[in-house]
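Report on the structure given below.
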Amino acid sequence: MVRPASIGNGFIAAQTVIDLFYLSSIMVMQAKLSPHNQRELSKLIISIRANAHHLDLFLAVCDDHELRDLLIQQYEKTLANEGFTLDRVGINPKAPSLKVALDEFVKYNPGLQSNAVVTVLGSSSLFGVRLAEDKSEQEKFFFSLQWTREALREFKFPVVIWLSDPVATGISQQAPDFWSWRSGVFEFEAQPKGAEQAYSPMRPEDDTAFALEADDLTTLAHTISDLQQQIDGLQRQNSKSPLLTTLLTELGDAYSQQCAYESALNAYRQALEQAGNSKNQSKQAYIIFKLGDVLLNCRRYKQARTYYQQALDTDIETNNRNGQAMAYHQLGRVAQQLREYEQALAYYQQALDIMIETNNRNGQAMTYHQLGRVAQQLREYEQAQTYYQQALDISIEINNRNSQTATYHQLGMVAEELREYEQARTYYQQALDIAIETNNRNGQAMTYHQLGIVAEVLNDISAAKRFYLQDLQITVEVNDQAGLEVSCRNLARFYKEHPDDDWLANAAQLLNTSLDELKAMIAK
């Protein structure tokens, strides 16, 4: 379930959304910066002020992506109030080059002001693992920094480059000339355990997934530690043991659940090497498939497709019908993400045919659901309804409650597109009932949001107010930062169209701020 942008004709300026999200992030996370981090942030802001209007390279090192986002929001807020123009650019994994990223930025911003400050993101997400090419994404990035250093002189604005500690270390070792050019290094430490925090992974792009709770993350950490100990012990005793393949695969699974994708890739690559030693083709195909899953989660779609195709080829060779079905399904997901919808439909149909042949009912439900998503994206709503209903019938038959929640939600969205609002409300309520039963908190929040939209369309404003507050409350509780941005945007729009200070006061309380401060943000 993907929460869409909210309805309405009210236009909310981008800066207002940034201000609201900044406010909500600060208030909800309730995370006071440690003295060290506050000092480093102050030094960074002072350095930017002192070096405006010409190129300076500031390297900011932080391993916690949510802390990094909070720090960026803070210095952008401070500098924006002083008249600076703040922009962000990303490093493209396909062409990991700072020079290329800045060239593209300047090309599409010809009227760039002299008081610009550019924040560069994405380098921390580059893989250090070599996949199908001679050099890893990180190695390509380091090489580019080393050999395009002089060409950076053409840029006349300060650049803040955010790095993880391993990437910063790699730059210092593999791009020493660029490293010597740095104007400053600002190292941010993990927040002390005593500080109140509510950090959690971002919600995955999956219809039935929801964020891991803190207890789950702790359990995963213990699992990873235990697996690593077993692997280390077995490698000392018998480095060719077939059990190593299984343990390394399980380690990759645990890292993947933790969203530690590079560690997952490393574990799977080691598992694949072990499986190759034992000539176990079925196991190799399974691990290659897992590598594709990690790359899909990291939005490396073309690389993911390469691995899924390799897994499919091996599964065809070994006549593994279940493996073939899953590979076709995932190839469909890749094509869908690349907006190759006809190709996605073909892959899903191939997956479905095999799942029907092997009586894989859960797989059938999953594939009918994805066929519905593609039809919905193509605006073929009646066909989408048919596919979703087939998915729902099977999910009810096998009692897959999470799948039922997702499909009821999508049926509600299709009904909403068709302006069948009473039917949409019925579907959303069914999705909500199951989400409450299964304690799917993210699912509850998204469905409350949609119920609010439907109530607003039907002019049931009191119900819309209630649903939007319930959405906001749960989104705050689970610290879903992506969902919180949507909720804050909707909050501003709805209040402008339906002013109600009592309602807004309740929202302000949920965001741990005052009514006046929230109103001031909305009024900008």
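FYI, nothing fancy with the structure tokens labels: chains A, B, ... in order, residues from 1 per chain, ligands from 1 as they appear.
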
message = For the structure I just gave you, how does DSSP split region 154-372 of chain A - specifically, which residues are alpha helix (DSSP H)? Reply as a VMD selection string.
response = chain A and resid 165 to 174 176 to 181 214 to 237 243 to 257 261 to 277 281 to 297 301 to 317 321 to 337 341 to 357 361 to 372

ask   = If we count only C-alpha atoms, what is near Asn277 (chain A) at a cut-off of 10 Å, once residues fewer than 5 positions away on the same chain are taken out, given as a ChimeraX atom specification?
value = /A:240-242,245,271-272

Who sits within 9 Å of Lys140 (chain A), only C-alpha atoms, same chain under 4 positions skipped, as a ChimeraX atom specification = /A:95-97,135-136,144-145

Generate a file of the selected residues that holds C-alpha atoms, formatted as an mmCIF file, in the first residue's frame.
data_model
loop_
_atom_site.group_PDB
_atom_site.id
_atom_site.type_symbol
_atom_site.label_atom_id
_atom_site.label_comp_id
_atom_site.auth_asym_id
_atom_site.auth_seq_id
_atom_site.Cartn_x
_atom_site.Cartn_y
_atom_site.Cartn_z
ATOM 1 C CA ALA A 95 27.794 6.904 -13.000
ATOM 2 C CA PRO A 96 29.122 7.605 -9.483
ATOM 3 C CA SER A 97 30.851 10.927 -10.051
ATOM 4 C CA LYS A 135 35.069 -2.188 -10.175
ATOM 5 C CA SER A 136 32.543 -1.660 -7.406
ATOM 6 C CA SER A 144 36.340 9.850 -10.312
ATOM 7 C CA LEU A 145 37.124 12.003 -7.263
#

List the neighbours of Leu296 (chain A) out to 8 Å using only C-alpha atoms; skip same-chain residues closer than 5 positions along the sequence, and give me the result as a short mmCIF file (atom, residue, chain, number, x, y, z; two decimals) with N, CA and C atoms, in the first residue's frame.
data_model
loop_
_atom_site.label_atom_id
_atom_site.label_comp_id
_atom_site.auth_asym_id
_atom_site.auth_seq_id
_atom_site.Cartn_x
_atom_site.Cartn_y
_atom_site.Cartn_z
N TYR A 301 17.61 -1.66 -10.42
CA TYR A 301 16.68 -2.54 -11.12
C TYR A 301 17.33 -3.35 -12.23
N ALA A 304 19.41 -6.02 -10.72
CA ALA A 304 18.53 -7.05 -10.15
C ALA A 304 18.02 -7.95 -11.26
N VAL A 334 10.54 -6.04 -11.39
CA VAL A 334 11.56 -5.15 -11.96
C VAL A 334 10.99 -4.39 -13.15
#

query = Excluding same-chain residues fewer than 6 positions from Gln383 (chain A), what lies within 10 Å of it counting only C-alpha atoms, as a PyMOL selection string?
reply = chain A and resi 371-372+374-376+389

Produce a file of the selected residues containing N, CA, C and O atoms, as a PDB file, in the first residue's frame.
ATOM      1  N   LEU A 371      -0.651  -8.308 -10.695  1.00  0.00           N
ATOM      2  CA  LEU A 371      -1.335  -8.052 -11.962  1.00  0.00           C
ATOM      3  C   LEU A 371      -2.355  -6.923 -11.793  1.00  0.00           C
ATOM      4  O   LEU A 371      -2.531  -6.081 -12.680  1.00  0.00           O
ATOM      5  N   GLY A 372      -3.010  -6.904 -10.627  1.00  0.00           N
ATOM      6  CA  GLY A 372      -3.936  -5.816 -10.332  1.00  0.00           C
ATOM      7  C   GLY A 372      -3.245  -4.483 -10.252  1.00  0.00           C
ATOM      8  O   GLY A 372      -3.753  -3.452 -10.737  1.00  0.00           O
ATOM      9  N   VAL A 374      -0.489  -3.574 -11.812  1.00  0.00           N
ATOM     10  CA  VAL A 374      -0.122  -3.128 -13.156  1.00  0.00           C
ATOM     11  C   VAL A 374      -1.347  -2.599 -13.887  1.00  0.00           C
ATOM     12  O   VAL A 374      -1.303  -1.527 -14.512  1.00  0.00           O
ATOM     13  N   ALA A 375      -2.468  -3.332 -13.821  1.00  0.00           N
ATOM     14  CA  ALA A 375      -3.694  -2.872 -14.470  1.00  0.00           C
ATOM     15  C   ALA A 375      -4.131  -1.515 -13.916  1.00  0.00           C
ATOM     16  O   ALA A 375      -4.567  -0.628 -14.659  1.00  0.00           O
ATOM     17  N   GLN A 376      -3.970  -1.344 -12.604  1.00  0.00           N
ATOM     18  CA  GLN A 376      -4.326  -0.069 -11.979  1.00  0.00           C
ATOM     19  C   GLN A 376      -3.427   1.054 -12.499  1.00  0.00           C
ATOM     20  O   GLN A 376      -3.896   2.163 -12.777  1.00  0.00           O
ATOM     21  N   GLN A 389      -9.811  -9.128  -6.939  1.00  0.00           N
ATOM     22  CA  GLN A 389     -10.816 -10.032  -6.371  1.00  0.00           C
ATOM     23  C   GLN A 389     -10.315 -11.472  -6.387  1.00  0.00           C
ATOM     24  O   GLN A 389     -10.545 -12.229  -5.436  1.00  0.00           O
TER      25      GLN A 389
END

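Using only C-alpha atoms, the shortest contact distance between Gln473 (chain A) and any of A:Ser403, A:His498, A:Leu57, A:Gln444 is found at A:Gln444.
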
Excluding His54 (chain A) and residues on its chain fewer than 2 positions from it, collect all residues at most 8 Å away from it, counting only C-alpha atoms, and give them as a PDB file with N, CA, C and O atoms, in the first residue's frame.
ATOM      1  N   ASN A  51      32.582  30.741   3.827  1.00  0.00           N
ATOM      2  CA  ASN A  51      33.124  30.366   2.513  1.00  0.00           C
ATOM      3  C   ASN A  51      32.054  30.401   1.419  1.00  0.00           C
ATOM      4  O   ASN A  51      32.129  29.653   0.443  1.00  0.00           O
ATOM      5  N   ALA A  52      31.064  31.261   1.603  1.00  0.00           N
ATOM      6  CA  ALA A  52      30.023  31.402   0.582  1.00  0.00           C
ATOM      7  C   ALA A  52      30.615  32.007  -0.689  1.00  0.00           C
ATOM      8  O   ALA A  52      31.667  32.648  -0.667  1.00  0.00           O
ATOM      9  N   ASP A  56      34.049  25.308  -1.952  1.00  0.00           N
ATOM     10  CA  ASP A  56      34.696  24.685  -0.805  1.00  0.00           C
ATOM     11  C   ASP A  56      34.046  23.333  -0.615  1.00  0.00           C
ATOM     12  O   ASP A  56      32.821  23.188  -0.768  1.00  0.00           O
ATOM     13  N   PHE A 155      33.029  25.295 -10.318  1.00  0.00           N
ATOM     14  CA  PHE A 155      31.843  25.532  -9.497  1.00  0.00           C
ATOM     15  C   PHE A 155      32.148  26.602  -8.453  1.00  0.00           C
ATOM     16  O   PHE A 155      33.215  26.585  -7.832  1.00  0.00           O
ATOM     17  N   LYS A 156      31.204  27.516  -8.252  1.00  0.00           N
ATOM     18  CA  LYS A 156      31.438  28.686  -7.406  1.00  0.00           C
ATOM     19  C   LYS A 156      30.513  28.696  -6.192  1.00  0.00           C
ATOM     20  O   LYS A 156      29.961  29.726  -5.824  1.00  0.00           O
ATOM     21  N   PHE A 157      30.355  27.565  -5.572  1.00  0.00           N
ATOM     22  CA  PHE A 157      29.501  27.497  -4.379  1.00  0.00           C
ATOM     23  C   PHE A 157      30.027  26.390  -3.465  1.00  0.00           C
ATOM     24  O   PHE A 157      30.670  25.441  -3.917  1.00  0.00           O
ATOM     25  N   PRO A 158      29.776  26.523  -2.151  1.00  0.00           N
ATOM     26  CA  PRO A 158      30.208  25.476  -1.219  1.00  0.00           C
ATOM     27  C   PRO A 158      29.389  24.208  -1.402  1.00  0.00           C
ATOM     28  O   PRO A 158      28.197  24.257  -1.707  1.00  0.00           O
TER      29      PRO A 158
END

Selection: 8 Å around Gln350 (chain A), only C-alpha atoms, excl. self and same-chain fewer than 4 positions, as JSON, numbers by chain = {"A": [325, 328, 329, 346, 354]}

query = Please, what distance in Å, to one decimal, runs between CA of Ala445 (chain A) and CA of Thr407 (chain A)?
reply =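 Going from CA of Ala445 (chain A) over to CA of Thr407 (chain A), I get 15.8 Å.
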
query = If you run DSSP on the backbone, which residues of region 58-287 of chain A are strand (DSSP E or B), as a PyMOL selection string?
reply = chain A and resi 58-61+85-90+116-121+158-163+184-187

task = Could you check how far CA of Val486 (chain A) sits from CA of Arg379 (chain A), in Å to one decimal?
result = 23.4 Å

query = For Cys488 (chain A), which residue among A:Glu104, A:Asp500, A:Asp471, A:Glu150 is the nearest when counting only C-alpha atoms?
reply = A:Asp471

request  = Record the distance separating CA of Ser395 (chain A) and CA of Met366 (chain A), expressed in Å with one decimal.
outcome  = 8.7 Å
